[in-house]
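K.L.:
Starting off with a structure, shown below.
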Amino acid sequence: MDKFRVLVVDDEEDFLETIVKRLRDRGLETHGVLSGEKALQFLEGQDTDVVVLDVRMPGMDGIETLKEIKKRKPGIEVIMLTGHASVESGIQGMQLGAFDYVMKPVPLDELLDKMRQAYERKVIQEEQL
Amino acid sequence: MERAYYRKLRWEIITTIIIFSVLPLMVLGAVIYHQFSASYTAKTLESLRTLAENRRASLDLFLEERVAQLTTLAGTHSLKSLRDEEYLHKVFNIIQSRSRAYIDLGVIDDHGDHLAYVGPYHSILKGVNYKDEEWFSAVMASGLYVSDVFTGFRKVPHFIIAVMVRERNQNWILRATIDSEIVENIVQAAMIGKNGDAFLVNRDNILQTSPRFHGKLLEPVSCALYGESCPNFGSATGTIVEEKSIGGMERLYGVSVLQNKRWVLVIIEDPAEQLSPLFRARYLGALIGLAGILVIIIGAFFTSRSMMKELEEMERKKAASEDMAVQSSKMAALGKMAAGIAHEINNPLAVIGEKAGWMKDLLKKEDLAHSPNFQEFADSVAKIEHHVARAKKITHRLLSFGRRMEPVTERVDINQTLEDTIEYLVNEARYRNIEIQTELAAGLPTVISDSSQLQQVFLNIINNGIDAIGKNGVIQIKTHFLARTNQVAIEISDNGPGIPKHMLDKIFDPFFTTKEVGKGTGLGLSISYSIIEKLGGRMMVASEPGKGTTFTIYLPVQE
């Protein structure tokens with residue numbers, strides 16, 4: 001399995017901390033940030049393949065962050081994480097270029113599958129360029 | 001309170017109808033009757049006038065004839081020839097043969113001496129001198145005299161006519177006594193009906209003929225019959241016709257003065273007799289009017305009853321639609337709340353899930369596998385994950401209940417959707433020995449709807465039916481098209497235990513469930529309800545405990 005670089009963005013600290021640990025445990029180079037602004041800062045400094053982005057966050061929300069990411073780094077694949085009645089925002093996110101969306105709470109294996117698929121797409125698209 | 005209100009309203013309607021129908025009817029009746037009565041009374045009075053004038057003319061004619069006869073007789077004979085009683089007798093016989101009216105005939109000289117007499121009282125009257133009699137001076141003054149009726153010593157009602165003749169320088173008088181029976185006969189011919197009367201009076205209101213009811217001959221007119229005094233007919237002039245009430249009795253009076261100005265003919269009629277057609281008309285009119293009023297009252301009762309029924313029906317429908325509105329607003333509020341709660345629970349749930357997952361990851365590390373309680377840890381973590389999944393299912397259903405996502409719109413073949421849905425359940429049903437019968441109408445129009453949402457609804461209801469039956473039963477699914485309302489109706493019935501009446505109005509409420517704890521969320525039907533509502537349809541339930549439950553869904557067919 002390819003090792004790829006992941007950024008998880010979620011305002012729920014316990015959730016963020018745990019999922020980062022679990023992903024690292026599975027050998028992925030994973031980082032976690034608590035807000036959209038921090039995510040954008042992080043992406044400036046570090047190359048990343050896949051971003052897992054919570055839709056609902058205080059301050060800059062997931063959709064805005066997604067727009068920014070796609071503007072700045074169109075190559076990065078984003079998976080939206082919807083925690084509430086926001087299937088619409090998940091779909092909206094996909095229209096804005098997100099790879100997919102998953103509903104919280106999500107089994108880690110499912111999320112991993114999605115992340116792998118996203119990474120594969122990124123690789124394919126980079127090869128085409 | 002409702003009933004009292006309806007009753008009051010109904011009475012108001014009835015009263016209004018009756019008043020507004022009966023009043024014009026009565027006014028119309030009264031006006032028509034009044035007009036008819038006035039014209040009929042006028043006609044009756046007119047015919048009374050004709051009768052009075054006619055009779056008066058007859059009397060005048062009779063008197064004139066007598067006067068003419070006597071004048072002719074006197075004028076064509078000399079005193080000398082008529083003094084001869086034998087000759088006078090001959091003449092008397094001639095006029096007597098033509099008219100039985102004459103009783104006697106006498107010749108009187110200007111001194112009042114009775115010169116000749118023919119008649120039944122020869123011995124008494126022959127030598128009488130009339131010089132002091134009132135009539136003698138009257139005839140000497142005016143040349144003609146007609147007396148009032150009197151009985152005299154003959155004891156028979158009669159009157160006299162006297163004419164004066166000038167012969168050279170001597171005046172003499174021819175005097176005749178006239179039997180008033182003929183006058184009486186002429187007058188009696190005007191007595192009409194059972195209560196009609198006719199008589200002659202002189203200027204002093206003294207009766208000249210015998211009336212039927214109004215006194216006796218030669219006495220003043222009597223109205224003792226009415227318990228009051230009579231009007232003074234004698235003072236009349238010309239011809240008068242009127243309706244008058246004496247002592248409370250209505251009478252029609254026709255009064256006409258004879259040409260000689262001495263006598264007045266009075267005809268009295270009973271309006272009850274003369275106006276009987278009018279009274280019949282009044283009676284008939286009243287009868288028809290009463291019948292009309294009766295019809296109006298009956299009509300008012302029936303109309304108001306059907307109106308009340310209509311009104312109550314409308315009220316009921318309104319109440320039902322209000323119930324529906326309340327239900328849907330309740331749904332909306334609960335949807336929001338459910339979504340809020342689901343969101344709040346979802347985040348900690350995600351954390352719990354992640355933590356449990358992390359623990360599971362760690363347990364896999366070899367150093368912990370040897371721990372004596374390793375299996376216990378592993379089981380607990382597995383259970384936590386299992387229940388997180390279960391809680392997640394609930395929160396996701398809550399979210400789908402609360403979400404405001406626009407349904408997909410597509411052409412949906414309801415029959416096809418139902419068959420697809422049944423596919424999912426047919427194994428489960430077979431396992432429980434439940435037969436799913438379908439009666440799907442051919443050629444059902446497609447509806448614009450969301451097939452997956454509809455499928456969710458059908459799945460929910462059929463599943464509920466299966467759960468309700470438990471084992472051994474039948475689920476019937478029917479579809480048909482309602483052309484009148486342009487709707488497709490889907491009927492899903494089970495022969496399970498049914499729903500008690502007190503629960504029936506709660507089954508669409510969120511979290512209402514009859515299933516065991518942990519088996520149902522109580523959201524299925526309320527989600528179904530809101531889905532159908534969002535799709536523009538209606539969902540109804542009918543249930544009879546012991547017999548089963550039927551859910552009916554109506555979906556609009558759009559062009």
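If you're wondering about the labels, chains in the structure tokens are A, B, ... by order shown, residues count from 1 in each chain, ligands from 1 in order shown.
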Do a neighbour search on Met57 of chain A at 12 Å with only C-alpha atoms, toss out local chain neighbours closer than 3 positions, and write the hits as a compact mmCIF listing (two decimals) with N, CA and C atoms, in the first residue's frame.

P.N.:
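After the write, around.txt holds the following:
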# COMPACT_ATOMS: atom_id res chain seq x y z
N VAL A 9 -9.03 17.66 9.20
CA VAL A 9 -9.47 18.95 9.74
C VAL A 9 -10.79 18.74 10.48
N ASP A 10 -10.78 18.92 11.80
CA ASP A 10 -12.02 18.77 12.58
C ASP A 10 -11.88 19.59 13.85
N ASP A 11 -13.00 20.24 14.26
CA ASP A 11 -12.93 21.09 15.45
C ASP A 11 -13.06 20.28 16.73
N GLU A 12 -13.45 19.03 16.63
CA GLU A 12 -13.62 18.19 17.82
C GLU A 12 -12.27 17.56 18.15
N GLU A 13 -11.66 18.07 19.21
CA GLU A 13 -10.26 17.73 19.47
C GLU A 13 -10.05 16.24 19.74
N VAL A 33 -5.49 19.29 12.16
CA VAL A 33 -5.65 20.68 12.58
C VAL A 33 -7.10 20.91 12.98
N LEU A 34 -7.31 21.97 13.82
CA LEU A 34 -8.63 22.17 14.43
C LEU A 34 -9.53 23.13 13.65
N SER A 35 -8.99 23.79 12.60
CA SER A 35 -9.88 24.73 11.90
C SER A 35 -9.46 24.86 10.44
N GLY A 36 -10.36 25.45 9.67
CA GLY A 36 -10.12 25.66 8.25
C GLY A 36 -8.92 26.56 8.00
N GLU A 37 -8.81 27.63 8.81
CA GLU A 37 -7.71 28.57 8.64
C GLU A 37 -6.36 27.86 8.83
N LEU A 53 -12.08 16.63 5.58
CA LEU A 53 -12.52 17.94 6.03
C LEU A 53 -13.92 17.87 6.64
N ASP A 54 -14.01 18.28 7.88
CA ASP A 54 -15.34 18.32 8.52
C ASP A 54 -16.11 19.49 7.92
N MET A 60 -14.23 29.44 9.77
CA MET A 60 -14.30 29.05 8.37
C MET A 60 -14.86 27.63 8.29
N ASP A 61 -15.97 27.48 7.63
CA ASP A 61 -16.56 26.13 7.63
C ASP A 61 -15.96 25.29 6.50
N GLY A 62 -16.42 24.05 6.44
CA GLY A 62 -15.82 23.09 5.51
C GLY A 62 -15.93 23.51 4.06
N ILE A 63 -17.10 24.03 3.69
CA ILE A 63 -17.32 24.38 2.29
C ILE A 63 -16.37 25.51 1.87
N GLU A 64 -16.25 26.51 2.74
CA GLU A 64 -15.34 27.63 2.43
C GLU A 64 -13.90 27.15 2.32
N THR A 65 -13.53 26.31 3.29
CA THR A 65 -12.16 25.79 3.29
C THR A 65 -11.90 25.02 2.00
N LEU A 81 -16.53 15.37 5.54
CA LEU A 81 -17.02 14.60 6.69
C LEU A 81 -18.25 15.35 7.21
N THR A 82 -19.42 14.76 7.00
CA THR A 82 -20.62 15.47 7.46
C THR A 82 -21.10 14.83 8.74
N GLY A 83 -21.37 15.69 9.70
CA GLY A 83 -21.75 15.15 11.01
C GLY A 83 -23.22 15.33 11.32
N HIS A 84 -23.92 16.14 10.53
CA HIS A 84 -25.32 16.44 10.90
C HIS A 84 -26.17 16.44 9.63
N ASN B 347 -21.66 13.93 17.20
CA ASN B 347 -20.25 14.24 17.41
C ASN B 347 -19.62 13.41 18.53

K.L.:
Could you tell me which residues of chain B sit within 6 Å of chain A when counting only C-alpha atoms, and give me the result as a list in words?

P.N.:
His343, Ala350, Val351, Trp358, Leu399 and Arg403 of chain B

K.L.:
With N, CA, C and O atoms kept, could you save the residues just selected as a short mmCIF file (atom, residue, chain, number, x, y, z; two decimals), in the first residue's frame?

P.N.:
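Output file again_35.cif follows:
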data_model
loop_
_atom_site.label_atom_id
_atom_site.label_comp_id
_atom_site.auth_asym_id
_atom_site.auth_seq_id
_atom_site.Cartn_x
_atom_site.Cartn_y
_atom_site.Cartn_z
N HIS B 343 -27.60 15.81 15.66
CA HIS B 343 -26.30 16.43 15.46
C HIS B 343 -25.49 16.45 16.75
O HIS B 343 -24.30 16.09 16.77
N ALA B 350 -19.18 10.04 17.37
CA ALA B 350 -18.02 9.88 16.48
C ALA B 350 -16.75 9.72 17.32
O ALA B 350 -15.91 8.86 17.04
N VAL B 351 -16.69 10.52 18.40
CA VAL B 351 -15.51 10.43 19.26
C VAL B 351 -15.46 9.05 19.91
O VAL B 351 -14.42 8.38 19.90
N TRP B 358 -9.68 2.96 18.20
CA TRP B 358 -8.28 3.07 18.63
C TRP B 358 -7.94 1.97 19.62
O TRP B 358 -6.90 1.33 19.52
N LEU B 399 -31.89 12.25 11.21
CA LEU B 399 -31.43 13.29 10.28
C LEU B 399 -32.24 13.25 8.99
O LEU B 399 -32.64 14.28 8.46
N ARG B 403 -34.29 16.29 7.62
CA ARG B 403 -33.63 17.02 6.53
C ARG B 403 -34.66 17.64 5.59
O ARG B 403 -35.76 17.14 5.41
#

K.L.:
Excluding same-chain residues fewer than 5 positions from segment 28-35 of chain B, what lies within 12 Å of it counting only C-alpha atoms, as a PDB file with C-alpha atoms, in the first residue's frame?

P.N.:
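selection-v7.pdb was written with the following content:
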ATOM      1  CA  SER B  21     -91.756  34.071   2.647  1.00  0.00           C
ATOM      2  CA  VAL B  22     -94.896  34.395   4.716  1.00  0.00           C
ATOM      3  CA  LEU B  23     -94.827  38.154   4.960  1.00  0.00           C
ATOM      4  CA  TYR B  40    -116.850  43.190  -5.800  1.00  0.00           C
ATOM      5  CA  THR B  41    -118.464  45.379  -3.175  1.00  0.00           C
ATOM      6  CA  ALA B  42    -118.641  48.195  -5.698  1.00  0.00           C
ATOM      7  CA  LEU B 278    -116.453  37.314  -1.923  1.00  0.00           C
ATOM      8  CA  PHE B 279    -116.550  35.499   1.376  1.00  0.00           C
ATOM      9  CA  ARG B 280    -116.003  32.246  -0.441  1.00  0.00           C
ATOM     10  CA  ALA B 281    -113.001  33.814  -2.131  1.00  0.00           C
ATOM     11  CA  ARG B 282    -111.757  35.021   1.246  1.00  0.00           C
ATOM     12  CA  TYR B 283    -112.191  31.577   2.718  1.00  0.00           C
ATOM     13  CA  LEU B 284    -110.460  29.952  -0.232  1.00  0.00           C
ATOM     14  CA  GLY B 285    -107.694  32.528  -0.141  1.00  0.00           C
ATOM     15  CA  ALA B 286    -107.149  31.965   3.554  1.00  0.00           C
ATOM     16  CA  LEU B 287    -107.072  28.229   2.958  1.00  0.00           C
ATOM     17  CA  ILE B 288    -104.545  28.499   0.133  1.00  0.00           C
ATOM     18  CA  GLY B 289    -102.538  30.965   2.197  1.00  0.00           C
ATOM     19  CA  LEU B 290    -102.469  28.579   5.151  1.00  0.00           C
ATOM     20  CA  GLY B 292     -98.749  27.909   1.439  1.00  0.00           C
ATOM     21  CA  ILE B 293     -97.501  28.824   4.896  1.00  0.00           C
TER      22      ILE B 293
END

K.L.:
Find the residues around segment 113-125 of chain A up to 7 Å (only C-alpha atoms counted), leave out those fewer than 4 positions away in its own chain, and share them as a list in words.

P.N.:
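Once the adjacent positions are removed, what remains is Asp49, Val50, Gly75, Glu77, Phe99, Asp109 and Leu129 of chain A.
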
K.L.:
Selection from above, N, CA and C atoms, as an mmCIF file, in the first residue's frame, can you write it?

P.N.:
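Result written to selection19.cif:
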data_model
loop_
_atom_site.group_PDB
_atom_site.id
_atom_site.type_symbol
_atom_site.label_atom_id
_atom_site.label_comp_id
_atom_site.auth_asym_id
_atom_site.auth_seq_id
_atom_site.Cartn_x
_atom_site.Cartn_y
_atom_site.Cartn_z
ATOM 1 N N ASP A 49 -1.557 14.915 0.220
ATOM 2 C CA ASP A 49 -2.286 14.251 -0.865
ATOM 3 C C ASP A 49 -3.802 14.335 -0.656
ATOM 4 N N VAL A 50 -4.214 13.986 0.570
ATOM 5 C CA VAL A 50 -5.665 13.913 0.822
ATOM 6 C C VAL A 50 -6.009 14.716 2.073
ATOM 7 N N GLY A 75 -4.782 20.143 -6.944
ATOM 8 C CA GLY A 75 -4.396 18.730 -7.009
ATOM 9 C C GLY A 75 -4.778 17.938 -5.774
ATOM 10 N N GLU A 77 -6.864 16.104 -3.100
ATOM 11 C CA GLU A 77 -8.221 15.528 -3.024
ATOM 12 C C GLU A 77 -8.795 15.754 -1.636
ATOM 13 N N PHE A 99 -13.838 14.916 -3.401
ATOM 14 C CA PHE A 99 -13.813 13.575 -3.964
ATOM 15 C C PHE A 99 -15.064 12.807 -3.575
ATOM 16 N N ASP A 109 -12.221 1.879 8.528
ATOM 17 C CA ASP A 109 -11.869 1.139 7.314
ATOM 18 C C ASP A 109 -12.553 1.751 6.095
ATOM 19 N N LEU A 129 -1.025 14.828 -16.259
ATOM 20 C CA LEU A 129 -0.545 16.203 -16.505
ATOM 21 C C LEU A 129 0.804 16.244 -17.178
#

K.L.:
List the spatial neighbours of Ile103 of chain B as a list in words - criterion: any atom at most 7 Å away, only C-alpha atoms, same-chain residues fewer than 4 positions off excluded.

P.N.:
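After dropping sequence-adjacent residues, the list is Gly119, Thr177, Ile178 and Asp179 of chain B.
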
K.L.:
Would you write out those residues with all heavy atoms, as a short mmCIF file (atom, residue, chain, number, x, y, z; two decimals), in the first residue's frame?

P.N.:
data_model
loop_
_atom_site.label_atom_id
_atom_site.label_comp_id
_atom_site.auth_asym_id
_atom_site.auth_seq_id
_atom_site.Cartn_x
_atom_site.Cartn_y
_atom_site.Cartn_z
N GLY B 119 -168.34 52.40 -5.23
CA GLY B 119 -167.40 51.60 -4.44
C GLY B 119 -168.12 50.86 -3.34
O GLY B 119 -169.35 50.98 -3.21
N THR B 177 -159.62 55.76 -4.83
CA THR B 177 -158.88 55.05 -3.79
C THR B 177 -158.12 53.90 -4.46
O THR B 177 -158.71 53.15 -5.25
CB THR B 177 -159.83 54.49 -2.72
OG1 THR B 177 -160.65 55.56 -2.27
CG2 THR B 177 -159.05 53.89 -1.58
N ILE B 178 -156.86 53.84 -4.17
CA ILE B 178 -156.02 52.82 -4.81
C ILE B 178 -155.60 51.79 -3.77
O ILE B 178 -155.14 52.15 -2.68
CB ILE B 178 -154.75 53.44 -5.42
CG1 ILE B 178 -155.05 54.68 -6.27
CG2 ILE B 178 -153.94 52.42 -6.20
CD1 ILE B 178 -155.75 54.41 -7.56
N ASP B 179 -155.83 50.58 -4.13
CA ASP B 179 -155.38 49.48 -3.24
C ASP B 179 -153.85 49.47 -3.28
O ASP B 179 -153.24 49.37 -4.34
CB ASP B 179 -155.93 48.15 -3.76
CG ASP B 179 -155.68 47.02 -2.78
OD1 ASP B 179 -154.88 47.22 -1.84
OD2 ASP B 179 -156.26 45.95 -2.97
#

K.L.:
Show me, as a short mmCIF file (atom, residue, chain, number, x, y, z; two decimals) with N, CA, C and O atoms, in the first residue's frame, the residues that have an atom within 12 Å of Leu418 of chain B when counting only C-alpha atoms, minus same-chain residues fewer than 2 positions from it.

P.N.:
data_model
loop_
_atom_site.label_atom_id
_atom_site.label_comp_id
_atom_site.auth_asym_id
_atom_site.auth_seq_id
_atom_site.Cartn_x
_atom_site.Cartn_y
_atom_site.Cartn_z
N VAL B 412 -42.71 8.10 -11.86
CA VAL B 412 -42.64 6.86 -11.10
C VAL B 412 -43.84 5.99 -11.44
O VAL B 412 -44.98 6.46 -11.41
N ASP B 413 -43.52 4.74 -11.79
CA ASP B 413 -44.59 3.76 -11.98
C ASP B 413 -44.82 3.11 -10.63
O ASP B 413 -43.99 2.34 -10.14
N ILE B 414 -45.93 3.47 -10.01
CA ILE B 414 -46.21 3.01 -8.65
C ILE B 414 -46.22 1.49 -8.56
O ILE B 414 -45.65 0.90 -7.63
N ASN B 415 -46.86 0.86 -9.53
CA ASN B 415 -46.95 -0.60 -9.50
C ASN B 415 -45.56 -1.22 -9.51
O ASN B 415 -45.27 -2.15 -8.76
N GLN B 416 -44.69 -0.68 -10.35
CA GLN B 416 -43.32 -1.19 -10.45
C GLN B 416 -42.59 -0.99 -9.12
O GLN B 416 -41.94 -1.91 -8.62
N ASP B 420 -41.01 -3.86 -6.77
CA ASP B 420 -39.61 -3.84 -6.35
C ASP B 420 -39.50 -3.95 -4.83
O ASP B 420 -38.64 -4.66 -4.30
N THR B 421 -40.36 -3.21 -4.16
CA THR B 421 -40.33 -3.20 -2.69
C THR B 421 -40.66 -4.58 -2.14
O THR B 421 -40.03 -5.06 -1.20
N ILE B 422 -41.70 -5.19 -2.75
CA ILE B 422 -42.12 -6.50 -2.27
C ILE B 422 -40.98 -7.52 -2.42
O ILE B 422 -40.80 -8.37 -1.56
N GLU B 423 -40.19 -7.37 -3.50
CA GLU B 423 -39.02 -8.22 -3.72
C GLU B 423 -38.16 -8.34 -2.45
O GLU B 423 -37.75 -9.42 -2.07
N TYR B 424 -37.93 -7.17 -1.83
CA TYR B 424 -37.07 -7.15 -0.65
C TYR B 424 -37.65 -7.97 0.49
O TYR B 424 -36.94 -8.51 1.31
N LEU B 425 -38.98 -7.97 0.54
CA LEU B 425 -39.64 -8.49 1.74
C LEU B 425 -40.18 -9.89 1.57
O LEU B 425 -40.60 -10.51 2.53
N VAL B 426 -40.18 -10.36 0.32
CA VAL B 426 -40.90 -11.59 0.05
C VAL B 426 -40.28 -12.77 0.83
O VAL B 426 -41.01 -13.63 1.33
N ILE B 436 -48.23 -12.22 0.61
CA ILE B 436 -48.42 -10.85 0.13
C ILE B 436 -49.22 -10.92 -1.17
O ILE B 436 -48.74 -11.43 -2.18
N GLN B 437 -50.46 -10.47 -1.08
CA GLN B 437 -51.31 -10.49 -2.28
C GLN B 437 -51.30 -9.11 -2.91
O GLN B 437 -51.37 -8.11 -2.20
N THR B 438 -51.26 -9.09 -4.22
CA THR B 438 -51.30 -7.78 -4.88
C THR B 438 -52.48 -7.71 -5.85
O THR B 438 -52.86 -8.71 -6.44
N GLU B 439 -53.03 -6.55 -5.93
CA GLU B 439 -54.15 -6.30 -6.85
C GLU B 439 -53.84 -4.94 -7.47
O GLU B 439 -54.39 -3.92 -7.06
N LEU B 440 -52.93 -4.94 -8.40
CA LEU B 440 -52.45 -3.67 -8.94
C LEU B 440 -53.22 -3.32 -10.21
O LEU B 440 -53.30 -4.12 -11.13
N ALA B 441 -53.78 -2.14 -10.21
CA ALA B 441 -54.59 -1.71 -11.35
C ALA B 441 -53.70 -1.55 -12.59
O ALA B 441 -52.65 -0.92 -12.53
N SER B 451 -38.91 7.91 -6.42
CA SER B 451 -39.19 6.49 -6.27
C SER B 451 -38.48 5.90 -5.05
O SER B 451 -39.05 5.06 -4.37
N SER B 452 -37.28 6.38 -4.74
CA SER B 452 -36.59 5.75 -3.61
C SER B 452 -37.25 6.14 -2.29
O SER B 452 -37.35 5.33 -1.38
N GLN B 453 -37.73 7.38 -2.25
CA GLN B 453 -38.44 7.77 -1.02
C GLN B 453 -39.75 7.02 -0.89
O GLN B 453 -40.12 6.59 0.20
N LEU B 454 -40.43 6.86 -2.04
CA LEU B 454 -41.68 6.10 -1.99
C LEU B 454 -41.40 4.67 -1.55
O LEU B 454 -42.14 4.09 -0.76
N GLN B 455 -40.31 4.14 -2.07
CA GLN B 455 -39.94 2.78 -1.72
C GLN B 455 -39.72 2.68 -0.21
O GLN B 455 -40.14 1.72 0.43
N GLN B 456 -39.08 3.70 0.32
CA GLN B 456 -38.84 3.71 1.77
C GLN B 456 -40.17 3.67 2.53
O GLN B 456 -40.32 2.95 3.51
N VAL B 457 -41.14 4.44 2.02
CA VAL B 457 -42.45 4.48 2.67
C VAL B 457 -43.12 3.11 2.59
O VAL B 457 -43.60 2.58 3.60
N PHE B 458 -43.14 2.56 1.36
CA PHE B 458 -43.81 1.26 1.19
C PHE B 458 -43.14 0.20 2.06
O PHE B 458 -43.82 -0.60 2.72
N LEU B 459 -41.83 0.25 2.05
CA LEU B 459 -41.06 -0.71 2.83
C LEU B 459 -41.45 -0.62 4.30
O LEU B 459 -41.69 -1.63 4.97
N ASN B 460 -41.53 0.61 4.77
CA ASN B 460 -41.90 0.86 6.14
C ASN B 460 -43.25 0.28 6.50
O ASN B 460 -43.41 -0.40 7.50
N ILE B 461 -44.22 0.57 5.63
CA ILE B 461 -45.59 0.16 5.95
C ILE B 461 -45.73 -1.35 5.85
O ILE B 461 -46.32 -1.99 6.73
N ILE B 462 -45.17 -1.93 4.78
CA ILE B 462 -45.29 -3.38 4.63
C ILE B 462 -44.56 -4.08 5.78
O ILE B 462 -45.06 -5.04 6.36
N GLN B 476 -52.41 -7.38 1.95
CA GLN B 476 -52.99 -7.09 0.64
C GLN B 476 -52.52 -5.72 0.18
O GLN B 476 -52.56 -4.76 0.95
N ILE B 477 -52.11 -5.66 -1.06
CA ILE B 477 -51.68 -4.38 -1.62
C ILE B 477 -52.49 -4.11 -2.86
O ILE B 477 -52.52 -4.92 -3.79
N LYS B 478 -53.18 -2.99 -2.85
CA LYS B 478 -54.03 -2.65 -4.00
C LYS B 478 -53.65 -1.26 -4.49
O LYS B 478 -53.29 -0.39 -3.70
N THR B 479 -53.79 -1.08 -5.79
CA THR B 479 -53.65 0.28 -6.32
C THR B 479 -54.85 0.56 -7.21
O THR B 479 -55.40 -0.36 -7.82
N ILE B 490 -52.95 4.00 -3.05
CA ILE B 490 -52.26 2.75 -2.73
C ILE B 490 -52.78 2.30 -1.38
O ILE B 490 -52.71 3.05 -0.41
N GLU B 491 -53.31 1.08 -1.38
CA GLU B 491 -53.91 0.58 -0.15
C GLU B 491 -53.09 -0.61 0.32
O GLU B 491 -52.91 -1.58 -0.42
N ILE B 492 -52.59 -0.53 1.55
CA ILE B 492 -51.81 -1.64 2.09
C ILE B 492 -52.49 -2.09 3.37
O ILE B 492 -52.56 -1.34 4.34
#

K.L.:
Calculated over only C-alpha atoms, which of the candidates A:Gly45, A:Glu29, A:Val51, A:Gln128 has the smallest distance to Asp100 of chain A?

P.N.:
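The answer is A:Val51, which sits nearest to Asp100 of chain A.
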